[in-house]
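**Student:** Here it is, the structure in full.
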Amino acid sequence: MTPAQAAIGVTTVTAPATIPNPNSIFTVTYALNGSSTLASAQMRFYLATSPQGTSNRVLMSSQQILLGRAGTGLYLPPAGTQSASFSRATVQAAAQTVLDQAAAACAPQLYYIQVEADLSSRWGDDTLIGTTKLPDFYFTAGTLTPSTITPGGTVTFTADLFTACPVNAPSTIGVFLADANFNLLSYIGGISVGTGAGTFSVAPTAITFSTAIEPGTYYLVLVADVDGVIAESNENNNQGAFTLQVVASQPLTVRDSASALESDLPGPVRADIEQYAPTIGFVDGYASLSR
């Protein structure tokens, strides 16, 4: 009589408590029981959102293991703890996408690594994938209108400040005036930025310049977190600048005349800003800011 087929079962699964970098190799251990009339079993490894659920999971790998003959017409799984190792490079494309998303997230993401035997018995253990990341402020857009004025003229600027990971404390965008060589001339004022993540849009903000300002090329420099209250993953990309021309005679009106926000400022600007920070409250008459 042919013996009835029994199932190969997963009894334990142990995943790493954390996988900070899925590009590195991580190892899962598991144990099996049961028996089968077949000489092999198909083991499948998934990234899942629950220990045993089959929805919202992606296949990492499918591997065949050999079973040992028990002498009764049945085959038994290997005894003891088994292991399987993975990295982003060795898993299937759908799992690579999940690993990439977890690695890029601002905080570790909870997943279960499921081990499944022959499309029936499965179990999973939880792991945290990724690391906690600092915020990173940088400007993504902005305009200054108009870009050419006479002494005493008024300009209006807007700006979009972005951070993918959240900030937990308010901060200030510092507004500076610099000359054509990016030497800082004046601290014009500060604009408050709240907490959270995503894009912080600066509402249209007017700046009126002194009638005594000399004609020439200037830069209106914006500096995120000017007081340095936010710890960031990159402290060197917080600046943006608009080009401003001051001319002696009334400029011709040019349709859609505006200056775009440029984020690639020379290195010395950052050093000058740091020197300004301790005395950032002074006003020197170059310009005044109003919302």
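Please note that chains go A, B, ... in the order of the structure tokens, that every chain numbers its residues from 1, and that ligands are numbered from 1 in the order shown.
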Wanna dump the region 63-135 of chain A-region 29-37 of chain A contacts at 6 Å for me, each residue with its shortest atom pair and the distance in Å to one decimal, counting only C-alpha atoms, ordered by chain and number, as a Markdown table?
**Tutor:**
```
| residue | atom | partner | partner_atom | distance |
| --- | --- | --- | --- | --- |
| A:Leu74 | CA | A:Thr37 | CA | 4.8 |
| A:Tyr75 | CA | A:Ser36 | CA | 5.1 |
| A:Leu76 | CA | A:Ser35 | CA | 4.7 |
| A:Thr81 | CA | A:Ala31 | CA | 4.9 |
| A:Gln82 | CA | A:Tyr30 | CA | 5.3 |
| A:Ser83 | CA | A:Thr29 | CA | 4.2 |
```
**Student:** Report as a Markdown table the residues of region 117-147 of chain A within 6 Å of region 161-168 of chain A, each with its shortest atom pair and distance in Å (one decimal), using only C-alpha atoms, ordered by chain and increasing residue number.
**Tutor:**
```
| residue | atom | partner | partner_atom | distance |
| --- | --- | --- | --- | --- |
| A:Pro135 | CA | A:Cys165 | CA | 4.5 |
| A:Asp136 | CA | A:Thr163 | CA | 5.1 |
| A:Phe137 | CA | A:Thr163 | CA | 4.9 |
| A:Tyr138 | CA | A:Phe162 | CA | 5.5 |
| A:Phe139 | CA | A:Leu161 | CA | 4.4 |
```
**Student:** Give me the residues within 9 Å of Asp125 (chain A) as a ChimeraX atom specification, counting only C-alpha atoms and dropping any in the same chain fewer than 6 places off.
**Tutor:** /A:12-17,50-51,111-115
**Student:** Which neighbours of Gly152 (chain A) fall inside 12 Å, counting only C-alpha atoms, when residues of the same chain fewer than 3 positions from it are skipped, and could you give them as a PDB file with N, CA, C and O atoms, in the first residue's frame?
**Tutor:**
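As written to disk, part.pdb reads:
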```
ATOM      1  N   THR A 148      15.253  93.096 -11.677  1.00  0.00           N
ATOM      2  CA  THR A 148      15.981  94.352 -11.862  1.00  0.00           C
ATOM      3  C   THR A 148      15.172  95.491 -11.255  1.00  0.00           C
ATOM      4  O   THR A 148      13.974  95.634 -11.539  1.00  0.00           O
ATOM      5  N   ILE A 149      15.833  96.282 -10.406  1.00  0.00           N
ATOM      6  CA  ILE A 149      15.162  97.407  -9.741  1.00  0.00           C
ATOM      7  C   ILE A 149      16.088  98.614  -9.734  1.00  0.00           C
ATOM      8  O   ILE A 149      17.287  98.500 -10.019  1.00  0.00           O
ATOM      9  N   VAL A 155      11.221  94.056  -4.247  1.00  0.00           N
ATOM     10  CA  VAL A 155      11.128  92.764  -4.932  1.00  0.00           C
ATOM     11  C   VAL A 155      10.286  91.827  -4.071  1.00  0.00           C
ATOM     12  O   VAL A 155      10.105  92.046  -2.867  1.00  0.00           O
ATOM     13  N   ILE A 207      10.645  92.533  -0.157  1.00  0.00           N
ATOM     14  CA  ILE A 207      11.841  93.177   0.393  1.00  0.00           C
ATOM     15  C   ILE A 207      11.986  94.538  -0.269  1.00  0.00           C
ATOM     16  O   ILE A 207      12.025  94.633  -1.505  1.00  0.00           O
ATOM     17  N   THR A 208      12.054  95.573   0.520  1.00  0.00           N
ATOM     18  CA  THR A 208      12.253  96.924   0.016  1.00  0.00           C
ATOM     19  C   THR A 208      13.679  97.360   0.310  1.00  0.00           C
ATOM     20  O   THR A 208      14.132  97.298   1.466  1.00  0.00           O
ATOM     21  N   PHE A 209      14.376  97.791  -0.733  1.00  0.00           N
ATOM     22  CA  PHE A 209      15.785  98.144  -0.603  1.00  0.00           C
ATOM     23  C   PHE A 209      15.952  99.642  -0.345  1.00  0.00           C
ATOM     24  O   PHE A 209      15.102 100.465  -0.698  1.00  0.00           O
ATOM     25  N   SER A 210      17.063  99.976   0.248  1.00  0.00           N
ATOM     26  CA  SER A 210      17.368 101.364   0.574  1.00  0.00           C
ATOM     27  C   SER A 210      17.573 102.186  -0.707  1.00  0.00           C
ATOM     28  O   SER A 210      18.079 101.681  -1.714  1.00  0.00           O
ATOM     29  N   THR A 211      17.199 103.446  -0.647  1.00  0.00           N
ATOM     30  CA  THR A 211      17.449 104.333  -1.774  1.00  0.00           C
ATOM     31  C   THR A 211      18.938 104.623  -1.938  1.00  0.00           C
ATOM     32  O   THR A 211      19.374 105.123  -2.984  1.00  0.00           O
ATOM     33  N   ALA A 212      19.718 104.291  -0.922  1.00  0.00           N
ATOM     34  CA  ALA A 212      21.159 104.544  -0.968  1.00  0.00           C
ATOM     35  C   ALA A 212      21.956 103.365  -1.506  1.00  0.00           C
ATOM     36  O   ALA A 212      23.188 103.461  -1.617  1.00  0.00           O
ATOM     37  N   ILE A 213      21.304 102.264  -1.850  1.00  0.00           N
ATOM     38  CA  ILE A 213      22.042 101.100  -2.335  1.00  0.00           C
ATOM     39  C   ILE A 213      22.681 101.428  -3.680  1.00  0.00           C
ATOM     40  O   ILE A 213      22.078 102.069  -4.546  1.00  0.00           O
ATOM     41  N   GLU A 214      23.940 101.017  -3.851  1.00  0.00           N
ATOM     42  CA  GLU A 214      24.671 101.322  -5.071  1.00  0.00           C
ATOM     43  C   GLU A 214      24.201 100.417  -6.211  1.00  0.00           C
ATOM     44  O   GLU A 214      23.907  99.245  -6.004  1.00  0.00           O
ATOM     45  N   PRO A 215      24.123 100.949  -7.429  1.00  0.00           N
ATOM     46  CA  PRO A 215      23.824 100.100  -8.576  1.00  0.00           C
ATOM     47  C   PRO A 215      24.868  98.994  -8.716  1.00  0.00           C
ATOM     48  O   PRO A 215      26.045  99.186  -8.387  1.00  0.00           O
ATOM     49  N   VAL A 246      20.613  95.993  -9.597  1.00  0.00           N
ATOM     50  CA  VAL A 246      20.190  97.342  -9.200  1.00  0.00           C
ATOM     51  C   VAL A 246      20.780  98.311 -10.220  1.00  0.00           C
ATOM     52  O   VAL A 246      22.008  98.334 -10.420  1.00  0.00           O
ATOM     53  N   VAL A 247      19.924  99.072 -10.889  1.00  0.00           N
ATOM     54  CA  VAL A 247      20.376  99.998 -11.929  1.00  0.00           C
ATOM     55  C   VAL A 247      20.013 101.418 -11.536  1.00  0.00           C
ATOM     56  O   VAL A 247      19.074 101.653 -10.768  1.00  0.00           O
ATOM     57  N   ALA A 248      20.749 102.383 -12.079  1.00  0.00           N
ATOM     58  CA  ALA A 248      20.546 103.774 -11.689  1.00  0.00           C
ATOM     59  C   ALA A 248      19.269 104.357 -12.262  1.00  0.00           C
ATOM     60  O   ALA A 248      18.587 105.160 -11.617  1.00  0.00           O
ATOM     61  N   SER A 249      18.926 103.960 -13.488  1.00  0.00           N
ATOM     62  CA  SER A 249      17.735 104.500 -14.131  1.00  0.00           C
ATOM     63  C   SER A 249      16.601 103.486 -14.092  1.00  0.00           C
ATOM     64  O   SER A 249      16.817 102.293 -13.863  1.00  0.00           O
ATOM     65  N   GLN A 250      15.408 103.944 -14.322  1.00  0.00           N
ATOM     66  CA  GLN A 250      14.240 103.088 -14.258  1.00  0.00           C
ATOM     67  C   GLN A 250      14.354 101.973 -15.297  1.00  0.00           C
ATOM     68  O   GLN A 250      14.513 102.243 -16.489  1.00  0.00           O
ATOM     69  N   GLY A 285      20.285  98.601   7.319  1.00  0.00           N
ATOM     70  CA  GLY A 285      19.695  99.590   6.439  1.00  0.00           C
ATOM     71  C   GLY A 285      19.723  99.279   4.962  1.00  0.00           C
ATOM     72  O   GLY A 285      19.241 100.096   4.165  1.00  0.00           O
ATOM     73  N   TYR A 286      20.295  98.148   4.539  1.00  0.00           N
ATOM     74  CA  TYR A 286      20.292  97.826   3.125  1.00  0.00           C
ATOM     75  C   TYR A 286      18.873  97.542   2.623  1.00  0.00           C
ATOM     76  O   TYR A 286      18.507  97.918   1.514  1.00  0.00           O
ATOM     77  N   ALA A 287      18.105  96.836   3.430  1.00  0.00           N
ATOM     78  CA  ALA A 287      16.778  96.414   2.986  1.00  0.00           C
ATOM     79  C   ALA A 287      15.937  96.053   4.198  1.00  0.00           C
ATOM     80  O   ALA A 287      16.450  95.844   5.292  1.00  0.00           O
ATOM     81  N   SER A 288      14.632  95.980   3.976  1.00  0.00           N
ATOM     82  CA  SER A 288      13.723  95.527   5.026  1.00  0.00           C
ATOM     83  C   SER A 288      12.766  94.490   4.453  1.00  0.00           C
ATOM     84  O   SER A 288      12.376  94.564   3.292  1.00  0.00           O
TER      85      SER A 288
END
```
**Student:** Which residues, written as a ChimeraX atom specification, have at least one atom at most 7 Å from Tyr219 (chain A), with only C-alpha atoms counted and residues fewer than 5 positions away on the same chain left out?
**Tutor:** /A:177-180,182,241-244
**Student:** Please, could you write that set of residues out with all heavy atoms as a PDB file, in the first residue's frame?
**Tutor:**
```
ATOM      1  N   LEU A 177      21.753  89.599   2.004  1.00  0.00           N
ATOM      2  CA  LEU A 177      22.142  90.278   0.773  1.00  0.00           C
ATOM      3  C   LEU A 177      23.646  90.109   0.612  1.00  0.00           C
ATOM      4  O   LEU A 177      24.418  90.333   1.551  1.00  0.00           O
ATOM      5  CB  LEU A 177      21.797  91.766   0.826  1.00  0.00           C
ATOM      6  CG  LEU A 177      22.104  92.564  -0.454  1.00  0.00           C
ATOM      7  CD1 LEU A 177      21.198  92.127  -1.591  1.00  0.00           C
ATOM      8  CD2 LEU A 177      21.980  94.068  -0.196  1.00  0.00           C
ATOM      9  N   ALA A 178      24.058  89.696  -0.600  1.00  0.00           N
ATOM     10  CA  ALA A 178      25.481  89.521  -0.901  1.00  0.00           C
ATOM     11  C   ALA A 178      25.840  90.325  -2.144  1.00  0.00           C
ATOM     12  O   ALA A 178      24.981  90.637  -2.977  1.00  0.00           O
ATOM     13  CB  ALA A 178      25.802  88.045  -1.120  1.00  0.00           C
ATOM     14  N   ASP A 179      27.118  90.662  -2.273  1.00  0.00           N
ATOM     15  CA  ASP A 179      27.558  91.393  -3.463  1.00  0.00           C
ATOM     16  C   ASP A 179      27.815  90.427  -4.613  1.00  0.00           C
ATOM     17  O   ASP A 179      27.543  89.221  -4.527  1.00  0.00           O
ATOM     18  CB  ASP A 179      28.779  92.255  -3.142  1.00  0.00           C
ATOM     19  CG  ASP A 179      30.025  91.439  -2.803  1.00  0.00           C
ATOM     20  OD1 ASP A 179      30.057  90.216  -3.069  1.00  0.00           O
ATOM     21  OD2 ASP A 179      30.985  92.049  -2.265  1.00  0.00           O
ATOM     22  N   ALA A 180      28.387  90.951  -5.707  1.00  0.00           N
ATOM     23  CA  ALA A 180      28.582  90.145  -6.908  1.00  0.00           C
ATOM     24  C   ALA A 180      29.572  89.012  -6.702  1.00  0.00           C
ATOM     25  O   ALA A 180      29.594  88.049  -7.477  1.00  0.00           O
ATOM     26  CB  ALA A 180      29.046  91.042  -8.059  1.00  0.00           C
ATOM     27  N   PHE A 182      29.623  87.251  -3.858  1.00  0.00           N
ATOM     28  CA  PHE A 182      29.011  86.472  -2.784  1.00  0.00           C
ATOM     29  C   PHE A 182      29.567  86.819  -1.404  1.00  0.00           C
ATOM     30  O   PHE A 182      29.517  86.005  -0.479  1.00  0.00           O
ATOM     31  CB  PHE A 182      29.130  84.960  -3.033  1.00  0.00           C
ATOM     32  CG  PHE A 182      28.137  84.434  -4.028  1.00  0.00           C
ATOM     33  CD1 PHE A 182      28.517  84.185  -5.339  1.00  0.00           C
ATOM     34  CD2 PHE A 182      26.817  84.190  -3.673  1.00  0.00           C
ATOM     35  CE1 PHE A 182      27.613  83.694  -6.261  1.00  0.00           C
ATOM     36  CE2 PHE A 182      25.907  83.702  -4.590  1.00  0.00           C
ATOM     37  CZ  PHE A 182      26.294  83.460  -5.896  1.00  0.00           C
ATOM     38  N   ALA A 241      20.193  81.122  -3.858  1.00  0.00           N
ATOM     39  CA  ALA A 241      20.414  82.549  -4.125  1.00  0.00           C
ATOM     40  C   ALA A 241      19.672  82.987  -5.381  1.00  0.00           C
ATOM     41  O   ALA A 241      19.579  82.242  -6.358  1.00  0.00           O
ATOM     42  CB  ALA A 241      21.897  82.840  -4.271  1.00  0.00           C
ATOM     43  N   PHE A 242      19.157  84.188  -5.340  1.00  0.00           N
ATOM     44  CA  PHE A 242      18.575  84.862  -6.498  1.00  0.00           C
ATOM     45  C   PHE A 242      19.543  85.944  -6.969  1.00  0.00           C
ATOM     46  O   PHE A 242      20.179  86.625  -6.159  1.00  0.00           O
ATOM     47  CB  PHE A 242      17.254  85.552  -6.131  1.00  0.00           C
ATOM     48  CG  PHE A 242      16.179  84.643  -5.610  1.00  0.00           C
ATOM     49  CD1 PHE A 242      15.877  84.608  -4.252  1.00  0.00           C
ATOM     50  CD2 PHE A 242      15.451  83.845  -6.476  1.00  0.00           C
ATOM     51  CE1 PHE A 242      14.866  83.795  -3.769  1.00  0.00           C
ATOM     52  CE2 PHE A 242      14.433  83.025  -6.000  1.00  0.00           C
ATOM     53  CZ  PHE A 242      14.149  82.998  -4.646  1.00  0.00           C
ATOM     54  N   THR A 243      19.610  86.139  -8.291  1.00  0.00           N
ATOM     55  CA  THR A 243      20.392  87.243  -8.839  1.00  0.00           C
ATOM     56  C   THR A 243      19.520  88.497  -8.906  1.00  0.00           C
ATOM     57  O   THR A 243      18.373  88.447  -9.369  1.00  0.00           O
ATOM     58  CB  THR A 243      20.891  86.895 -10.246  1.00  0.00           C
ATOM     59  OG1 THR A 243      21.668  85.701 -10.183  1.00  0.00           O
ATOM     60  CG2 THR A 243      21.752  88.016 -10.801  1.00  0.00           C
ATOM     61  N   LEU A 244      20.063  89.614  -8.439  1.00  0.00           N
ATOM     62  CA  LEU A 244      19.339  90.880  -8.434  1.00  0.00           C
ATOM     63  C   LEU A 244      20.220  91.963  -9.050  1.00  0.00           C
ATOM     64  O   LEU A 244      21.375  92.127  -8.659  1.00  0.00           O
ATOM     65  CB  LEU A 244      18.964  91.280  -7.006  1.00  0.00           C
ATOM     66  CG  LEU A 244      18.335  92.664  -6.823  1.00  0.00           C
ATOM     67  CD1 LEU A 244      16.965  92.729  -7.501  1.00  0.00           C
ATOM     68  CD2 LEU A 244      18.226  93.015  -5.344  1.00  0.00           C
TER      69      LEU A 244
END
```
**Student:** Sort by chain and increasing residue number a table of all residues of region 68-151 of chain A within 7 Å of region 257-261 of chain A, each with its closest pair of atoms and their distance in Å to one decimal, counting only C-alpha atoms, and write it as JSON lines.
**Tutor:**
```
{"residue": "A:Ala141", "atom": "CA", "partner": "A:Leu261", "partner_atom": "CA", "distance": 6.0}
{"residue": "A:Gly142", "atom": "CA", "partner": "A:Leu261", "partner_atom": "CA", "distance": 4.9}
{"residue": "A:Thr143", "atom": "CA", "partner": "A:Ala260", "partner_atom": "CA", "distance": 4.7}
{"residue": "A:Leu144", "atom": "CA", "partner": "A:Ser259", "partner_atom": "CA", "distance": 4.9}
{"residue": "A:Thr145", "atom": "CA", "partner": "A:Ala258", "partner_atom": "CA", "distance": 4.6}
{"residue": "A:Pro146", "atom": "CA", "partner": "A:Ala258", "partner_atom": "CA", "distance": 5.1}
{"residue": "A:Ser147", "atom": "CA", "partner": "A:Ala258", "partner_atom": "CA", "distance": 5.0}
```
**Student:** Taking only C-alpha atoms into account, which of A:Ile19, A:Ala41, A:Val28, A:Ala206 comes nearest Leu119 (chain A)?
**Tutor:**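 Result for the nearest residue to Leu119 (chain A): A:Ala41.
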**Student:** Kindly give the distance, in Å, that separates CA of Ala39 (chain A) and CA of Ala95 (chain A), rounded to a single decimal.
**Tutor:**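 If I compute the distance from CA of Ala39 (chain A) to CA of Ala95 (chain A), I get 28.8 Å.
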**Student:** Rounded to one decimal place, report the CA of Asp100 (chain A)-CA of Gln64 (chain A) distance in Å.
**Tutor:**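 CA of Gln64 (chain A) lies at a distance of 26.5 Å from CA of Asp100 (chain A).
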